[in-house]
Amino acid sequence: MNTKLARQSRRRCGYSLMELMVSIGVLMIAMDISVQLGRSVIRAGANNRTMNDQSSRIDAAVATLRGDVWGASRIDVVDSRTVRLSRGGALAATWTIAADDSVQRTDASGQVRQWPGIGKNWTFARDGAALTISDGVSQGATAMRCVSQVLLAGGAR
Amino acid sequence: MNEQSRRHHGFALMLSIVLIGLVAITLASLGMAAHVDAMRTRAAAEDAQLRQLLLAGAQTAQSRLAGGTVAGSIALPDSLASDGASVTLTPQIAAAAADTNEATIQIDAALGRRQLSQRVHFIRNGTAWQIESADLAV
């Protein structure tokens, strides 16, 4: 009897091959899930930062463009990627979408301000007393519209 | 055997805490992104409303200049007033005198806690006043 108990006890000290394989399998699946989850967290964080940076750049560029258009007495859309804004008969600023998708503003003194990477598919169009900016996705009423206070009050030129 | 079982529970517990932590960080990050996006959308809508109020203010200033008294706030619809909207006109260069041919009016629009203002320069054209230039305060 004692010999039998001793043999059973010895047998419980280890694991069978099947138990080990199942444990390793479960462990690998769990590790795989946690690694993928970790990667997703890092990727989501990086995407958030990129989106926030881009949003800030777009907001800054649009606020400046809106200010230029607001006081413009003349809006000349040279082509779909260039617009010239004049105040009181003189050129005030030229806005250009460059080939590298950066948005550039050149003022009358030749000083250039640039917002990189935000102008992908942007196009300018004149709409009465307003300048419309479309990004190729937003169309019609959802495209961005910058109104000129001067042209609106005095009639579009 | 009990010791081994406890050791296994400890590993499972650690793994679950790590996974729950990662999920919590992801959810918090997504929630934060959605919140920032919602705030940005709301700010854009309020700015659009403020610009509309500035346009209305310039129109009112133009018609008041013909009458002579420009300073003061303008009456707004109840729906806007209840949202805390207001438009105030403040002459910067006096234009009341009949021989003055220029006027600069500061127009301040407010909607709740957000504010936007512009300075509009008018010139007299016969009996009417027309806008010569406008500067939006950015």
# chains A, B, ... in the order shown; residues from 1 in each chain; ligands from 1

$ residues_around --residues "Val103 of chain A" --least-positions-apart "3" --cutoff "6 Å" --atoms "only C-alpha atoms" --output "MDAnalysis selection string"
chainID A and resid 96:97 114:115 119

$ interface_residues --of "chain B" --to "chain A" --cutoff "9 Å" --atoms "only C-alpha atoms" --output "list in words"
Met1, Leu15, Val18, Leu19, Leu22, Val23, Ile25, Thr26, Ser29, Leu30, Ala33, Val36, Leu54, Leu55, Ala58, Gln59, Val120, Gln130, Ile131, Glu132, Ser133, Ala134, Asp135, Leu136, Ala137 and Val138 of chain B

$ closest_residue --among "B:Ile74, B:Ala38, B:Ala12, B:Ile123" --to "Gly57 of chain B" --atoms "only C-alpha atoms"
B:Ile74

$ select_by_dssp --residues "chain A" --states "strand (DSSP E or B)" --output "compact mmCIF listing (two decimals) with C-alpha atoms, in the first residue's frame"
# COMPACT_ATOMS: atom_id res chain seq x y z
CA ARG A 74 -10.54 91.27 -54.55
CA ILE A 75 -10.22 87.47 -54.80
CA ASP A 76 -8.41 86.14 -57.86
CA VAL A 77 -8.32 82.37 -58.21
CA VAL A 78 -5.37 81.99 -60.60
CA ASP A 79 -5.81 78.22 -60.78
CA THR A 82 -3.32 79.39 -56.26
CA VAL A 83 -5.33 82.34 -55.07
CA ARG A 84 -4.38 86.03 -54.89
CA LEU A 85 -6.04 88.29 -52.32
CA SER A 86 -5.94 92.07 -52.65
CA ARG A 87 -6.81 94.84 -50.22
CA ALA A 90 -2.85 96.22 -53.74
CA LEU A 91 -1.87 92.57 -53.50
CA ALA A 92 -2.03 91.51 -49.84
CA ALA A 93 -1.26 87.79 -49.95
CA THR A 94 -0.90 84.85 -52.31
CA TRP A 95 -1.93 81.39 -51.14
CA THR A 96 -0.52 78.35 -52.91
CA ILE A 97 -0.84 74.61 -52.51
CA VAL A 103 0.03 75.27 -47.91
CA GLN A 104 2.04 78.46 -48.41
CA ARG A 105 1.17 82.07 -47.77
CA THR A 106 3.30 84.78 -49.31
CA ASP A 107 2.53 88.30 -48.15
CA VAL A 112 6.52 83.12 -46.70
CA ARG A 113 4.62 81.10 -44.11
CA GLN A 114 4.19 77.40 -44.64
CA TRP A 115 1.97 74.69 -43.17
CA THR A 123 -8.51 73.16 -54.41
CA PHE A 124 -9.55 76.82 -54.39
CA ALA A 125 -12.67 78.13 -56.11
CA ARG A 126 -14.43 81.48 -56.12
CA ASP A 127 -18.06 81.53 -55.01
CA ALA A 130 -16.42 83.89 -50.81
CA LEU A 131 -13.46 81.61 -51.41
CA THR A 132 -14.30 77.92 -51.27
CA ILE A 133 -11.71 75.34 -50.29
CA SER A 134 -12.48 71.73 -51.14
CA MET A 144 -14.84 75.15 -46.36
CA ARG A 145 -16.08 78.62 -47.19
CA CYS A 146 -14.28 81.86 -46.32
CA VAL A 147 -16.36 85.01 -46.77

$ atom_distance --atom1 "atom CA of Leu116 of chain B" --atom2 "atom CA of Glu46 of chain B"
10.1 Å

$ select_by_dssp --residues "segment 1-103 of chain A" --states "helix (DSSP H, G or I)" --output "PDB file with C-alpha atoms, in the first residue's frame"
ATOM      1  CA  ASN A   2       2.791   2.353   1.000  1.00  0.00           C
ATOM      2  CA  THR A   3       4.644   1.588  -2.218  1.00  0.00           C
ATOM      3  CA  LYS A   4       1.498   2.399  -4.264  1.00  0.00           C
ATOM      4  CA  LEU A   5       1.014   5.769  -2.526  1.00  0.00           C
ATOM      5  CA  ALA A   6       4.658   6.641  -2.994  1.00  0.00           C
ATOM      6  CA  ARG A   7       4.378   5.851  -6.736  1.00  0.00           C
ATOM      7  CA  GLN A   8       1.223   8.052  -7.074  1.00  0.00           C
ATOM      8  CA  SER A   9       2.899  10.894  -5.229  1.00  0.00           C
ATOM      9  CA  ARG A  10       5.947  10.619  -7.497  1.00  0.00           C
ATOM     10  CA  ARG A  11       3.661  10.730 -10.552  1.00  0.00           C
ATOM     11  CA  ARG A  12       2.005  14.000  -9.354  1.00  0.00           C
ATOM     12  CA  LEU A  17       3.356  16.070 -22.278  1.00  0.00           C
ATOM     13  CA  MET A  18      -0.255  16.903 -23.133  1.00  0.00           C
ATOM     14  CA  GLU A  19      -0.572  19.238 -20.119  1.00  0.00           C
ATOM     15  CA  LEU A  20       2.655  21.003 -21.049  1.00  0.00           C
ATOM     16  CA  MET A  21       1.615  21.423 -24.700  1.00  0.00           C
ATOM     17  CA  VAL A  22      -1.803  22.817 -23.749  1.00  0.00           C
ATOM     18  CA  SER A  23      -0.234  25.208 -21.206  1.00  0.00           C
ATOM     19  CA  ILE A  24       2.378  26.410 -23.708  1.00  0.00           C
ATOM     20  CA  GLY A  25      -0.348  26.816 -26.348  1.00  0.00           C
ATOM     21  CA  VAL A  26      -2.564  28.880 -24.025  1.00  0.00           C
ATOM     22  CA  LEU A  27       0.466  30.918 -22.940  1.00  0.00           C
ATOM     23  CA  MET A  28       1.434  31.639 -26.558  1.00  0.00           C
ATOM     24  CA  ILE A  29      -2.100  32.719 -27.457  1.00  0.00           C
ATOM     25  CA  ALA A  30      -2.271  34.972 -24.400  1.00  0.00           C
ATOM     26  CA  MET A  31       1.148  36.489 -25.168  1.00  0.00           C
ATOM     27  CA  ASP A  32       0.182  37.005 -28.811  1.00  0.00           C
ATOM     28  CA  ILE A  33      -3.019  38.806 -27.797  1.00  0.00           C
ATOM     29  CA  SER A  34      -1.178  41.040 -25.334  1.00  0.00           C
ATOM     30  CA  VAL A  35       1.577  41.884 -27.850  1.00  0.00           C
ATOM     31  CA  GLN A  36      -1.005  42.781 -30.509  1.00  0.00           C
ATOM     32  CA  LEU A  37      -2.968  44.820 -27.983  1.00  0.00           C
ATOM     33  CA  GLY A  38       0.209  46.606 -26.926  1.00  0.00           C
ATOM     34  CA  ARG A  39       1.044  47.412 -30.552  1.00  0.00           C
ATOM     35  CA  SER A  40      -2.507  48.735 -31.089  1.00  0.00           C
ATOM     36  CA  VAL A  41      -2.188  51.006 -28.053  1.00  0.00           C
ATOM     37  CA  ILE A  42       1.122  52.405 -29.320  1.00  0.00           C
ATOM     38  CA  ARG A  43      -0.279  52.817 -32.863  1.00  0.00           C
ATOM     39  CA  ALA A  44      -3.471  54.510 -31.573  1.00  0.00           C
ATOM     40  CA  GLY A  45      -1.379  56.900 -29.467  1.00  0.00           C
ATOM     41  CA  ALA A  46       0.861  57.763 -32.424  1.00  0.00           C
ATOM     42  CA  ASN A  47      -2.181  58.248 -34.698  1.00  0.00           C
ATOM     43  CA  ASN A  48      -3.766  60.536 -32.110  1.00  0.00           C
ATOM     44  CA  ARG A  49      -0.652  62.670 -31.919  1.00  0.00           C
ATOM     45  CA  THR A  50      -0.423  62.876 -35.723  1.00  0.00           C
ATOM     46  CA  MET A  51      -4.107  63.779 -36.033  1.00  0.00           C
ATOM     47  CA  ASN A  52      -3.818  66.440 -33.313  1.00  0.00           C
ATOM     48  CA  ASP A  53      -0.736  67.964 -34.964  1.00  0.00           C
ATOM     49  CA  GLN A  54      -2.436  68.004 -38.371  1.00  0.00           C
ATOM     50  CA  SER A  55      -5.659  69.450 -36.923  1.00  0.00           C
ATOM     51  CA  SER A  56      -3.689  72.230 -35.233  1.00  0.00           C
ATOM     52  CA  ARG A  57      -1.858  73.032 -38.485  1.00  0.00           C
ATOM     53  CA  ILE A  58      -5.134  73.053 -40.481  1.00  0.00           C
ATOM     54  CA  ASP A  59      -6.840  75.264 -37.875  1.00  0.00           C
ATOM     55  CA  ALA A  60      -3.923  77.729 -37.888  1.00  0.00           C
ATOM     56  CA  ALA A  61      -3.776  77.871 -41.708  1.00  0.00           C
ATOM     57  CA  VAL A  62      -7.555  78.234 -42.115  1.00  0.00           C
ATOM     58  CA  ALA A  63      -7.742  80.959 -39.422  1.00  0.00           C
ATOM     59  CA  THR A  64      -5.036  82.947 -41.243  1.00  0.00           C
ATOM     60  CA  LEU A  65      -6.663  82.391 -44.655  1.00  0.00           C
ATOM     61  CA  ARG A  66     -10.050  83.375 -43.240  1.00  0.00           C
ATOM     62  CA  GLY A  67      -8.561  86.618 -41.891  1.00  0.00           C
ATOM     63  CA  ASP A  68      -6.978  87.398 -45.283  1.00  0.00           C
ATOM     64  CA  VAL A  69     -10.186  86.681 -47.207  1.00  0.00           C
ATOM     65  CA  TRP A  70     -12.333  88.593 -44.672  1.00  0.00           C
TER      66      TRP A  70
END

$ atom_distance --atom1 "atom CA of Gly128 of chain A" --atom2 "atom CA of Leu53 of chain B"
19.7 Å
